[in-house]
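S.K.: Just dropping this structure here.
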Amino acid sequence: MAYQTVVVKEPLLFRILPYISIVSFFLLWEGAVQTGVIPQTLLAAPSQVFASFIDKLSNPNPDGAVMATHFITSLEEAFLGYVLALLVGLPLGLAMGWFKVAEGLFRPIFELIRPIPPIAWIPLTVFWFGIGLTGKVFIIWVAGIVPCVINAYVGVRMTSPVLIQMARTYGASDWQIFTQLCIPSSLPMVFGALQLALAYCWTNLVGAELLAADSGLGFLITMGGRVARPALIVLGMICVGISGAVIGIIIDCIEKKLLAGIRR
Amino acid sequence: MSEAPRQIEKDSVTLHDNSKERPVPYQEEADVKIRVNNLTKRFGALTVLDGINFTIKKGELLAIVGPTGCGKTTFLNCLSKLMPATEGEILIDGEEANPRKHNIAYVFQEPTCLPWRTVRDNVAYGMEVKGESKKKRDERAAEIMELVGLSSCADLYPNQVSASMMQRIAVSRAFAVNPDLLLMDEPYGQLDVKLRFYLEDELISLWQKLSSTILFVTHNIEEAVYVAERVLILTNKPTKIKAEIKVDLPRPRKLIDPRFVELRKKVTELIRWW
Amino acid sequence: MSSSSIANETVDYAKERGKFTLYKLITNIYFLYCVSLAGFLLLWHWTAAEKIFRDSLATPPQVLDQIIRLTTMKFAGSNLWGHIWASFQRVIIGFALASAVAVPLGLFMALNRTVNAVVKPLFDLFKPMPPIAWVSIAILWFGIGETSKVFIIIIGTFVPCLLNAYNGVRLVDPDLYDVVRVLGGTRRDEIFHVCFPASFPAVFAGLQISLSAAWTCVLAAELMNSRDGLGFLIKRGMDTHNPALVLSGMLLIAAAAWVSSMCVTFLERRLCPWKRSIDNI
């Protein structure tokens, strides 16, 4: 069977406008700083930021590491925390959605931890683990677990009741319904959780590094503030933004591939 | 001189006298597959089902018609053990019905295909729940799909096939587990007329080939008389069985056959006088 | 069957009526909640008392004691209520300013294609940047006073509000617009009678997310440098190695975030009575 896609072309104006908008934004920014409307002590022009980037690729001053090290540290922490959050949060959320016992045991603890902003854990992790990898991975893990549990829980509770009734008439046990119906049914929400958890993890990674770190993109930002070099700060911010966006796109592609057969 | 009482044409209608309701004696019919004794369902003060008694023979196709809101869905839910009955019992082969032990299949009004499984896996799902071996599942699924004509789209997903196909998948899945009792709740109600006729014929042919015991609930009288061997008519709430009509027309039945029309009229009359 | 609950509640074989009451008690959900909470508190107390983290964890009674002391004594110039009010003030100002701009802008963007074409790409550029990344530059620009803190809160609140308002409008059922058009409604009717009310639930969801983001931002801003507020309490606890103070600060900020979230939920229930919700969450 052939699916025909109808392509609607937007008018030329609307297709160009976004590019015009972005380009003019950068030009304005560059112009404002170069002409002195915004003093150079407060903001760096895009060209200066780019120059800092090239410089930092090999120059470890003034924060003690080259660009690559910062990237690797941040990505390492984020990856570890994110994967651990998925591994713990998703099964927990799924179980909580279906098994009353699981919900009864874990819900109160979860509801207690949930409203605490993850960066509030920083002092405790500094006490317990020092300023190293473990502490930051812990914070990122706490941050990522919340959307995983919530989304998995909601996904399971949204299982169509008719399907469950159908399975019950065939004599399916609780466990069978859980594995054969609830889990596949909750996959869209679970994939939503992947994106959400990534966003939360990435945000809190920066927060964790801002306050207690010795390398990483957030540390770069803090250092830039301390030595009053706006170019470094903006560089750090842009790198954080771009990395977050790129990882989000990668996860999106993976999701599209995996859900291709279950087009809904 | 009194005449010999005129032989009234054998009326194939049996009216149930509800005041003398009692369970049918056990020895009477040895090939009774399903026996429902005094099925009652109350929701608080509201009595929906009130002392329903009937039996279904092995391999029989029984239709149940009734006015809207007479609790047909509640009735089916009690039969399939999705809901506990307040009183009464449902016996399959003399034992209390149990979805784990007996093979009960239920075809719902809405399509209930699992969207993440192919058609083949959907048809095999019932057997999978029952724990059949993979080999047996595949064989039986292929067999049923062949009978129904689904083999060509065995590897498609439900969202790629039409709604009528989805109901056929549900029906195939129900037949694949070799059910002791197959319940159908207006399965073809949401489909157009031409499709309905086609699927009714398909159902009859499947039933004849596989000899399952079927309970078919519908509000379409024509469908009931076309498909069933016996038609039970329910009253309004609190629901009892009002009458039972034997339909012993030869198959394939013709909708314009005068006897068909007469039976249809009888059923309509019985429903009309609530 | 209601569509917002799972049908396993309806399954109940007649045989199982005679279950032992002990089993029923053990699997009763409220009983389990109590067991869970009690177990958690006990585990916490034991971990702290056994000094597993070497003095860096306070027992629940110590935390409670600290909180009570805070209400009476003055800590760096104000007592507990003063600190709560300081944080709350910043959150409210930032949240109000940001949502007052973000929500209308998001709605406008979704309705007007030109504005969408101009603003959306810029928004997408700034979207992936976490608000906490702005802390350093905010301090550079505004110094260490109130302005920089409120600025960060504004940044943190802005993105989810706008995103949710935008998506809320885009996801309105198109059939509803047809209803208005068929009845002879103008574009203005479409917008005010269909678009806005239909997007309210999404807007409120955005407000909820922004509110929790706002509390996180105020915490981050106060942790960097401040002289009052709940974040300041936590920082003080960190500097003086006082885990009871740190934990008190954490619990207080969680409570504050929860209370403000309940207020938004309450407001939402009043303004959007038609919203369906999945029970329990």
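Following the order of the structure tokens, chains are lettered A, B, ..., residues in each are numbered from 1, and ligands are numbered from 1.
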Could you list, as a short mmCIF file (atom, residue, chain, number, x, y, z; two decimals) with C-alpha atoms, in the first residue's frame, the residues of chain A having an atom within 12 Å of chain B when counting only C-alpha atoms?
M.R.:
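Saved file selection-v3.cif follows:
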data_model
loop_
_atom_site.label_atom_id
_atom_site.label_comp_id
_atom_site.auth_asym_id
_atom_site.auth_seq_id
_atom_site.Cartn_x
_atom_site.Cartn_y
_atom_site.Cartn_z
CA MET A 1 0.00 0.00 0.00
CA ALA A 2 1.28 3.40 -0.88
CA TYR A 3 1.23 6.30 1.52
CA THR A 159 -3.15 1.43 29.80
CA SER A 160 -6.46 0.92 28.09
CA PRO A 161 -8.86 -0.79 30.52
CA VAL A 162 -10.50 -2.74 27.70
CA LEU A 163 -7.23 -4.44 26.85
CA ILE A 164 -6.79 -5.41 30.49
CA GLN A 165 -10.30 -6.81 30.60
CA MET A 166 -9.59 -8.76 27.46
CA ALA A 167 -6.49 -10.26 28.99
CA ARG A 168 -8.35 -11.10 32.20
CA THR A 169 -10.93 -13.10 30.30
CA TYR A 170 -8.13 -15.18 28.87
CA GLY A 171 -7.02 -15.79 32.43
CA ALA A 172 -3.88 -13.65 32.42
CA SER A 173 -2.14 -13.21 35.77
CA ASP A 174 -1.03 -9.83 37.15
CA TRP A 175 2.54 -10.41 36.05
CA GLN A 176 1.48 -11.41 32.53
CA ILE A 177 -0.63 -8.29 32.15
CA PHE A 178 2.24 -6.20 33.45
CA THR A 179 4.81 -7.54 31.00
CA GLN A 180 2.56 -8.06 27.99
CA LEU A 181 0.22 -5.09 28.23
CA CYS A 182 1.31 -2.36 30.61
CA ILE A 183 4.93 -2.10 29.57
CA PRO A 184 4.42 -1.94 25.78
CA SER A 185 1.52 0.39 26.35
CA SER A 186 3.63 2.81 28.34
CA LEU A 187 6.46 3.04 25.81
CA PRO A 188 5.50 6.45 24.39
CA LEU A 258 12.78 2.23 17.75
CA LEU A 259 9.16 3.30 17.52
CA ALA A 260 9.04 3.05 13.72
CA GLY A 261 7.13 -0.19 13.77
CA ILE A 262 4.62 1.09 16.27
CA ARG A 263 3.56 4.26 14.53
CA ARG A 264 0.81 5.81 16.59
#
S.K.: Quick one: residues within 7 Å of C:Gly156, only C-alpha atoms, excluding same-chain residues fewer than 6 positions away - as a list in words?
M.R.: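 Everything that qualifies: Pro131, Ser210, Ala213, Ala214 and Cys217 of chain C.
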S.K.: Can you pull out every residue from stretch 9-177 of chain C that DSSP, working from the backbone, puts in helix (DSSP H, G or I), and format the result as a PyMOL selection string?
M.R.: chain C and resi 9-10+14-18+21-27+29-49+60-72+80-111+113-126+131-142+146-170+174-177
S.K.: Smallest atom-to-atom distance to B:Asn220: which of B:Ile90, B:Gly66, B:Lys136, B:Ser164, using only C-alpha atoms?
M.R.: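 Among B:Ile90, B:Gly66, B:Lys136, B:Ser164, it is B:Gly66 that comes nearest to B:Asn220.
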S.K.: Please list as a list in words every residue within 6 Å of A:Tyr200, counting only C-alpha atoms and excluding residues in the same chain fewer than 3 positions away.
M.R.: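 The filter keeps Ala143, Gly144, Ala197 and Thr203 of chain A.
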S.K.: Now that the selection is made, can you save its residues with C-alpha atoms as an mmCIF file, in the first residue's frame?
M.R.:
data_model
loop_
_atom_site.group_PDB
_atom_site.id
_atom_site.type_symbol
_atom_site.label_atom_id
_atom_site.label_comp_id
_atom_site.auth_asym_id
_atom_site.auth_seq_id
_atom_site.Cartn_x
_atom_site.Cartn_y
_atom_site.Cartn_z
ATOM 1 C CA ALA A 143 17.477 15.023 39.164
ATOM 2 C CA GLY A 144 16.873 12.456 36.436
ATOM 3 C CA ALA A 197 15.186 13.299 32.164
ATOM 4 C CA THR A 203 20.317 21.552 33.849
#
S.K.: With only C-alpha atoms as the atoms that count, which of C:Trp215, C:Phe266, C:Phe232, C:Tyr30 lies nearest to A:Ile116?
M.R.: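 Distance minimum relative to A:Ile116 lands on C:Trp215.
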S.K.: Can you tell me, as a PyMOL selection string, what residues are no more than 12 Å from stretch 172-180 of chain C when counting only C-alpha atoms, ignoring any on the same chain fewer than 2 positions away?
M.R.: chain C and resi 107+110-111+165-170+182-202
S.K.: Could you give me, as a ChimeraX atom specification, the residues within 9 Å of stretch 7-14 of chain A, counting only C-alpha atoms and dropping anything in the same chain fewer than 5 positions from it?
M.R.: /C:113-114,117-118
S.K.: For a quick test of understanding: name the residues of chain A lying within 8 Å of chain C when counting only C-alpha atoms, and present them as a PyMOL selection string.
M.R.: chain A and resi 14-15+17-19+21-22+42+100-101+103-109+115-121+123-124+127-128+154+157-162+164-165+168+202-203+206-207+210-211+218+221-222+224-225+228+230+233-234+237-238+240-242+244-245
S.K.: Considering only C-alpha atoms, return as a list in words whatever protein or nucleic-acid residues lie within 10 Å of stretch 150-155 of chain B, sequence-local ones (same chain, fewer than 6 positions apart) excluded.
M.R.: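 Listing them by chain and then by number gives Arg117, Thr118, Val119, Arg120, Asp121, Asn122, Val123, Ala141, Ala142, Glu143, Ile144, Val161, Met165, Arg168, Ile169 and Ser172 of chain B.
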S.K.: Extract the full set of strand (DSSP E or B) residues from stretch 184-259 of chain B according to DSSP on the backbone, and format it as a ChimeraX atom specification.
M.R.: /B:184-185,214-218,230-234,239,241-246
S.K.: Quote the spacing between atom CA of A:Gly216 and atom CA of A:Thr125 in Å to one decimal place.
M.R.: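 Distance between the two atoms: 17.4 Å.
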